[in-house]
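Containing PDB, C-alpha atoms and all ligand atoms: protein_36.pdb.
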ATOM      1  CA  MET L 258      95.490 145.399 165.477
ATOM      2  CA  LYS L 259      95.975 144.951 161.724
ATOM      3  CA  TYR L 260      93.628 143.513 159.141
ATOM      4  CA  LEU L 261      95.293 140.563 157.368
ATOM      5  CA  HIS L 262      92.941 138.693 155.061
ATOM      6  CA  THR L 263      89.535 137.289 154.234
ATOM      7  CA  MET L 264      89.392 133.561 153.579
ATOM      8  CA  VAL L 265      87.073 131.997 151.039
ATOM      9  CA  ARG L 266      86.801 128.288 150.286
ATOM     10  CA  VAL L 267      87.026 127.467 146.572
ATOM     11  CA  ARG L 268      86.241 124.388 144.469
ATOM     12  CA  ASP L 269      88.847 124.967 141.772
ATOM     13  CA  ILE L 270      92.066 126.914 142.332
ATOM     14  CA  ASP L 271      92.780 127.447 138.627
ATOM     15  CA  ALA L 272      89.254 128.752 137.978
ATOM     16  CA  SER L 273      89.588 131.038 141.006
ATOM     17  CA  LEU L 274      93.010 132.330 139.929
ATOM     18  CA  ARG L 275      91.624 133.055 136.435
ATOM     19  CA  PHE L 276      88.850 135.138 138.022
ATOM     20  CA  TYR L 277      90.739 136.913 140.828
ATOM     21  CA  CYS L 278      94.054 137.360 138.965
ATOM     22  CA  ASP L 279      93.345 137.469 135.208
ATOM     23  CA  GLY L 280      89.898 139.013 135.764
ATOM     24  CA  LEU L 281      90.255 141.353 138.730
ATOM     25  CA  GLY L 282      94.025 141.919 138.595
ATOM     26  CA  LEU L 283      95.033 140.462 141.975
ATOM     27  CA  ARG L 284      98.431 138.773 142.295
ATOM     28  CA  GLU L 285      99.422 135.563 144.092
ATOM     29  CA  VAL L 286     101.713 136.512 146.984
ATOM     30  CA  ARG L 287     102.174 133.118 148.681
ATOM     31  CA  ARG L 288     100.933 129.551 148.617
ATOM     32  CA  MET L 289     100.865 126.797 151.293
ATOM     33  CA  GLU L 290     100.267 123.106 150.621
ATOM     34  CA  ASN L 291      99.273 120.929 153.565
ATOM     35  CA  ALA L 292      99.421 117.237 152.670
ATOM     36  CA  GLN L 293      98.342 116.125 156.122
ATOM     37  CA  GLY L 294      95.260 118.330 156.087
ATOM     38  CA  LYS L 295      94.776 117.771 152.348
ATOM     39  CA  PHE L 296      94.369 121.438 151.524
ATOM     40  CA  THR L 297      96.042 124.282 149.684
ATOM     41  CA  LEU L 298      96.037 127.940 150.693
ATOM     42  CA  VAL L 299      96.698 130.602 148.068
ATOM     43  CA  PHE L 300      97.040 134.212 149.197
ATOM     44  CA  LEU L 301      96.214 136.997 146.752
ATOM     45  CA  ALA L 302      96.557 140.763 146.987
ATOM     46  CA  ALA L 303      95.658 143.766 144.835
ATOM     47  CA  PRO L 304      98.639 145.922 143.774
ATOM     48  CA  ASP L 305      97.389 149.024 145.650
ATOM     49  CA  SER L 306      96.683 147.117 148.871
ATOM     50  CA  PRO L 307      99.502 144.543 149.131
ATOM     51  CA  GLU L 308      98.867 143.734 152.790
ATOM     52  CA  ALA L 309      95.116 143.161 152.547
ATOM     53  CA  GLU L 310      94.904 139.604 151.267
ATOM     54  CA  VAL L 311      92.308 137.176 150.009
ATOM     55  CA  GLU L 312      93.055 133.653 151.225
ATOM     56  CA  LEU L 313      91.739 130.956 148.899
ATOM     57  CA  THR L 314      91.305 127.637 150.666
ATOM     58  CA  TYR L 315      91.060 124.523 148.515
ATOM     59  CA  ASN L 316      90.205 121.276 150.272
ATOM     60  CA  TRP L 317      91.528 118.532 148.027
ATOM     61  CA  GLY L 318      88.654 116.536 146.495
ATOM     62  CA  SER L 319      86.121 117.943 148.965
ATOM     63  CA  THR L 320      82.444 117.488 148.102
ATOM     64  CA  GLU L 321      81.312 119.362 151.214
ATOM     65  CA  GLY L 322      78.506 121.804 150.533
ATOM     66  CA  TYR L 323      79.712 125.261 151.569
ATOM     67  CA  GLY L 324      76.199 126.712 151.597
ATOM     68  CA  SER L 325      75.459 130.420 151.379
ATOM     69  CA  ALA L 326      75.808 132.124 154.755
ATOM     70  CA  ARG L 327      73.676 135.276 154.417
ATOM     71  CA  ASN L 328      75.771 137.050 157.027
ATOM     72  CA  PHE L 329      78.651 137.251 154.549
ATOM     73  CA  GLY L 330      78.116 139.986 151.976
ATOM     74  CA  HIS L 331      80.962 140.676 149.584
ATOM     75  CA  LEU L 332      84.577 141.562 148.932
ATOM     76  CA  ALA L 333      84.935 145.142 147.667
ATOM     77  CA  PHE L 334      87.625 146.518 145.369
ATOM     78  CA  ARG L 335      88.263 150.067 144.148
ATOM     79  CA  VAL L 336      88.812 150.188 140.389
ATOM     80  CA  GLU L 337      90.166 152.956 138.157
ATOM     81  CA  ASP L 338      87.596 152.434 135.390
ATOM     82  CA  ILE L 339      84.509 150.472 136.373
ATOM     83  CA  TYR L 340      83.213 150.227 132.808
ATOM     84  CA  ALA L 341      86.523 148.910 131.453
ATOM     85  CA  THR L 342      86.787 146.438 134.347
ATOM     86  CA  CYS L 343      83.260 145.148 133.755
ATOM     87  CA  GLN L 344      83.841 144.886 130.010
ATOM     88  CA  HIS L 345      87.056 142.908 130.609
ATOM     89  CA  LEU L 346      85.214 140.523 132.934
ATOM     90  CA  MET L 347      82.359 140.088 130.434
ATOM     91  CA  ASP L 348      84.882 139.439 127.650
ATOM     92  CA  MET L 349      86.223 136.622 129.859
ATOM     93  CA  GLY L 350      82.744 135.153 130.119
ATOM     94  CA  TYR L 351      81.759 136.357 133.611
ATOM     95  CA  THR L 352      78.302 137.791 134.314
ATOM     96  CA  ILE L 353      78.032 141.276 135.824
ATOM     97  CA  HIS L 354      75.113 140.658 138.134
ATOM     98  CA  ARG L 355      74.691 144.372 138.905
ATOM     99  CA  PRO L 356      75.955 146.507 136.024
ATOM    100  CA  PRO L 357      77.457 149.985 136.773
ATOM    101  CA  ARG L 358      74.379 151.957 135.747
ATOM    102  CA  ASP L 359      75.396 154.908 137.961
ATOM    103  CA  GLY L 360      79.051 154.606 137.010
ATOM    104  CA  HIS L 361      79.880 154.081 140.684
ATOM    105  CA  MET L 362      79.207 150.497 141.688
ATOM    106  CA  ALA L 363      78.898 147.071 140.095
ATOM    107  CA  PHE L 364      78.745 143.495 141.356
ATOM    108  CA  VAL L 365      80.159 140.291 139.872
ATOM    109  CA  ARG L 366      80.342 136.811 141.366
ATOM    110  CA  SER L 367      83.378 134.539 141.604
ATOM    111  CA  PRO L 368      83.264 130.966 140.295
ATOM    112  CA  ASP L 369      82.219 130.003 143.852
ATOM    113  CA  LEU L 370      79.481 132.670 143.851
ATOM    114  CA  ILE L 371      81.357 134.979 146.218
ATOM    115  CA  SER L 372      79.915 138.437 145.610
ATOM    116  CA  ILE L 373      82.510 140.991 144.474
ATOM    117  CA  GLU L 374      81.711 144.690 144.679
ATOM    118  CA  LEU L 375      83.525 147.014 142.278
ATOM    119  CA  LEU L 376      83.612 150.693 143.266
ATOM    120  CA  GLN L 377      84.731 153.435 140.907
ATOM    121  CA  GLU L 378      87.729 155.371 142.181
ATOM    122  CA  GLY L 379      86.648 158.863 143.234
ATOM    123  CA  HIS L 380      83.164 157.750 144.188
ATOM    124  CA  LEU L 381      83.912 156.091 147.511
ATOM    125  CA  PRO L 382      82.126 157.531 150.554
ATOM    126  CA  PRO L 383      84.441 160.095 152.213
ATOM    127  CA  ARG L 384      86.396 158.850 155.239
ATOM    128  CA  GLU L 385      85.871 160.508 158.624
ATOM    129  CA  PRO L 386      88.705 162.956 159.371
ATOM    130  CA  TRP L 387      89.746 160.977 162.438
ATOM    131  CA  ALA L 388      90.192 157.845 160.296
ATOM    132  CA  SER L 389      93.572 159.124 159.097
ATOM    133  CA  MET L 390      94.847 160.053 162.540
ATOM    134  CA  PRO L 391      97.673 157.876 163.875
ATOM    135  CA  ASN L 392      96.535 155.513 166.620
ATOM    136  CA  THR L 393      98.477 156.645 169.670
ATOM    137  CA  GLY L 394      97.280 153.581 171.512
ATOM    138  CA  SER L 395      95.650 155.764 174.135
ATOM    139  CA  TRP L 396      92.107 154.626 173.314
TER     140      TRP L 396
HETATM  141  C1  LIG Z 401      97.123 130.417 157.346
HETATM  142  C2  LIG Z 401      95.938 130.992 158.081
HETATM  143  O1  LIG Z 401      95.591 132.214 157.474
HETATM  144  C3  LIG Z 401      94.726 130.130 158.027
HETATM  145  O2  LIG Z 401      93.632 130.581 157.786
HETATM  146  S1  LIG Z 401      94.930 128.466 158.386
HETATM  147  C4  LIG Z 401      93.347 128.152 159.192
HETATM  148  C5  LIG Z 401      92.912 126.734 159.032
HETATM  149  N1  LIG Z 401      92.688 126.406 157.647
HETATM  150  C6  LIG Z 401      92.527 125.139 157.278
HETATM  151  O3  LIG Z 401      92.652 124.204 158.060
HETATM  152  C7  LIG Z 401      92.192 124.936 155.798
HETATM  153  C8  LIG Z 401      91.493 123.625 155.542
HETATM  154  C9  LIG Z 401      90.197 123.436 156.332
HETATM  155  N2  LIG Z 401      89.609 122.168 155.987
HETATM  156  C10 LIG Z 401      89.195 124.553 156.001
HETATM  157  O4  LIG Z 401      88.418 124.381 155.055
HETATM  158  O5  LIG Z 401      89.231 125.600 156.727
HETATM  159  C11 LIG Z 401      91.653 126.562 159.831
HETATM  160  O6  LIG Z 401      91.692 126.505 161.041
HETATM  161  N3  LIG Z 401      90.476 126.606 159.142
HETATM  162  C12 LIG Z 401      89.216 126.556 159.871
HETATM  163  C13 LIG Z 401      88.426 127.807 159.562
HETATM  164  O7  LIG Z 401      87.231 127.852 159.956
HETATM  165  O8  LIG Z 401      88.955 128.731 158.950
HETATM  166 NI    NI Z 402      93.485 132.603 157.435
END
Represent the structure contained in this file as structure tokens.
Amino acid sequence: MKYLHTMVRVRDIDASLRFYCDGLGLREVRRMENAQGKFTLVFLAAPDSPEAEVELTYNWGSTEGYGSARNFGHLAFRVEDIYATCQHLMDMGYTIHRPPRDGHMAFVRSPDLISIELLQEGHLPPREPWASMPNTGSW
């Protein structure tokens, strides 16, 4: 099995691309328009993880309330310099809801209030040794 993407519904594609691309540094890797379903899908990926995508779903003209499912937490990204990343986002007008006081972790919200966790490179919890073992398919 392979992880492909996480889908989030968005109200405004341009506002979302400004946040995820100009703000966080993700890149658009593909886009699908569906006139029959009246929706657009835009797939984004971070340069260091090109196959782990964020799928933005825009329902044309939708006024549906998407609510706030408490079972969904956040999207997490590793950053090289958490202070520089947060400063860049603040310069763009975004609020850092949890500033990087410890230099390790910060949180910012997308235009659709999706929580984004920023983790400083070098401060991620260590992976279990077996996590890097090839999956022989025998278990
Ligand atoms: C391309 C693949 O990664 C998809 O996720 S398509 C799944 C499909 N999406 C839509 O129909 C988008 C418009 C729809 N109104 C919506 O908001 O989801 C789908 O089955 N979506 C249902 C879902 O719960 O994801
Ligand atoms: Ni999908």
I'd like the residues picked by the PyMOL selection byres (((chain L and resi 269-272) around 8) and not hetatm) written out as a PyMOL selection string, using the chain letters and numbers from the file. chain L and resi 267-268+273-276+313+315+368
Would you mind exporting the chosen residues as an mmCIF file, in the coordinates of the input, restricted to C-alpha atoms?
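Here's the written file out_7.cif:
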data_model
loop_
_atom_site.group_PDB
_atom_site.id
_atom_site.type_symbol
_atom_site.label_atom_id
_atom_site.label_comp_id
_atom_site.auth_asym_id
_atom_site.auth_seq_id
_atom_site.Cartn_x
_atom_site.Cartn_y
_atom_site.Cartn_z
ATOM 1 C CA VAL L 267 87.026 127.467 146.572
ATOM 2 C CA ARG L 268 86.241 124.388 144.469
ATOM 3 C CA SER L 273 89.588 131.038 141.006
ATOM 4 C CA LEU L 274 93.010 132.330 139.929
ATOM 5 C CA ARG L 275 91.624 133.055 136.435
ATOM 6 C CA PHE L 276 88.850 135.138 138.022
ATOM 7 C CA LEU L 313 91.739 130.956 148.899
ATOM 8 C CA TYR L 315 91.060 124.523 148.515
ATOM 9 C CA PRO L 368 83.264 130.966 140.295
#
Given the file shown, enumerate the residues that the PyMOL selection byres (((chain L and resi 311) around 12) and not hetatm) captures and present them as a PyMOL selection string. chain L and resi 260-267+273-274+277-278+283-288+298-303+306-310+312-314+331-334+371+373
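Atom to atom, CA of Gly294 (chain L) and CA of Ser319 (chain L) stand 11.6 Å apart.
Minimum atom-to-atom distance to ligand NI 402 (chain Z), evaluated using only C-alpha atoms and all ligand atoms, belongs to L:Met289 out of L:Ile339, L:Ser367, L:Ser372, L:Met289.
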If I take CA of Tyr351 (chain L) and CA of Asp369 (chain L), how far is one from the other in Å, to one decimal?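 These two atoms are separated by 12.1 Å.
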Starting from the displayed file, determine the output of the PyMOL selection byres (((chain L and resi 361) around 10) and not hetatm) and express the residue list as a PyMOL selection string. chain L and resi 335-336+338-340+356-360+362-363+375-381
L:Thr342, L:Asn328, L:Thr352, L:Thr297: which is nearest ligand NI 402 (chain Z), counting all atoms listed in the file? L:Thr297
Using all atoms listed in the file, the best pick from L:Gly318, L:Pro386, L:Pro391, L:Gly282 as closest to Asp305 (chain L) would be L:Gly282
Please, can region 266-291 of chain L be completed to N, CA and C atoms and returned as a compact mmCIF listing (two decimals), in the coordinates of the input?
# COMPACT_ATOMS: atom_id res chain seq x y z
N ARG L 266 86.54 129.64 150.74
CA ARG L 266 86.80 128.29 150.29
C ARG L 266 86.42 128.19 148.81
N VAL L 267 87.26 127.53 148.01
CA VAL L 267 87.03 127.47 146.57
C VAL L 267 87.03 126.01 146.12
N ARG L 268 86.34 125.74 145.04
CA ARG L 268 86.24 124.39 144.47
C ARG L 268 87.38 124.09 143.50
N ASP L 269 87.88 125.17 142.86
CA ASP L 269 88.85 124.97 141.77
C ASP L 269 89.83 126.13 141.82
N ILE L 270 91.07 125.84 142.18
CA ILE L 270 92.07 126.91 142.33
C ILE L 270 92.32 127.60 141.00
N ASP L 271 92.48 126.82 139.92
CA ASP L 271 92.78 127.45 138.63
C ASP L 271 91.64 128.36 138.18
N ALA L 272 90.39 127.91 138.37
CA ALA L 272 89.25 128.75 137.98
C ALA L 272 89.22 130.02 138.83
N SER L 273 89.57 129.88 140.11
CA SER L 273 89.59 131.04 141.01
C SER L 273 90.71 131.98 140.64
N LEU L 274 91.90 131.46 140.31
CA LEU L 274 93.01 132.33 139.93
C LEU L 274 92.69 133.06 138.62
N ARG L 275 92.01 132.39 137.69
CA ARG L 275 91.62 133.06 136.44
C ARG L 275 90.72 134.24 136.74
N PHE L 276 89.78 134.05 137.69
CA PHE L 276 88.85 135.14 138.02
C PHE L 276 89.56 136.25 138.80
N TYR L 277 90.18 135.88 139.94
CA TYR L 277 90.74 136.91 140.83
C TYR L 277 91.98 137.58 140.24
N CYS L 278 92.80 136.81 139.50
CA CYS L 278 94.05 137.36 138.96
C CYS L 278 93.86 137.90 137.55
N ASP L 279 93.51 137.01 136.60
CA ASP L 279 93.34 137.47 135.21
C ASP L 279 92.16 138.43 135.09
N GLY L 280 91.10 138.17 135.87
CA GLY L 280 89.90 139.01 135.76
C GLY L 280 90.00 140.30 136.56
N LEU L 281 90.26 140.17 137.86
CA LEU L 281 90.26 141.35 138.73
C LEU L 281 91.62 142.02 138.84
N GLY L 282 92.71 141.28 138.53
CA GLY L 282 94.02 141.92 138.60
C GLY L 282 94.77 141.68 139.91
N LEU L 283 94.29 140.80 140.76
CA LEU L 283 95.03 140.46 141.98
C LEU L 283 96.24 139.61 141.60
N ARG L 284 97.21 139.55 142.53
CA ARG L 284 98.43 138.77 142.29
C ARG L 284 98.62 137.77 143.42
N GLU L 285 99.12 136.57 143.07
CA GLU L 285 99.42 135.56 144.09
C GLU L 285 100.66 136.00 144.85
N VAL L 286 100.58 136.06 146.18
CA VAL L 286 101.71 136.51 146.98
C VAL L 286 102.35 135.37 147.78
N ARG L 287 101.59 134.31 148.04
CA ARG L 287 102.17 133.12 148.68
C ARG L 287 101.20 131.95 148.55
N ARG L 288 101.74 130.77 148.74
CA ARG L 288 100.93 129.55 148.62
C ARG L 288 101.44 128.54 149.65
N MET L 289 100.52 127.81 150.29
CA MET L 289 100.86 126.80 151.29
C MET L 289 100.13 125.51 150.95
N GLU L 290 100.88 124.42 150.82
CA GLU L 290 100.27 123.11 150.62
C GLU L 290 100.34 122.36 151.95
N ASN L 291 99.26 121.70 152.32
CA ASN L 291 99.27 120.93 153.56
C ASN L 291 98.80 119.51 153.26
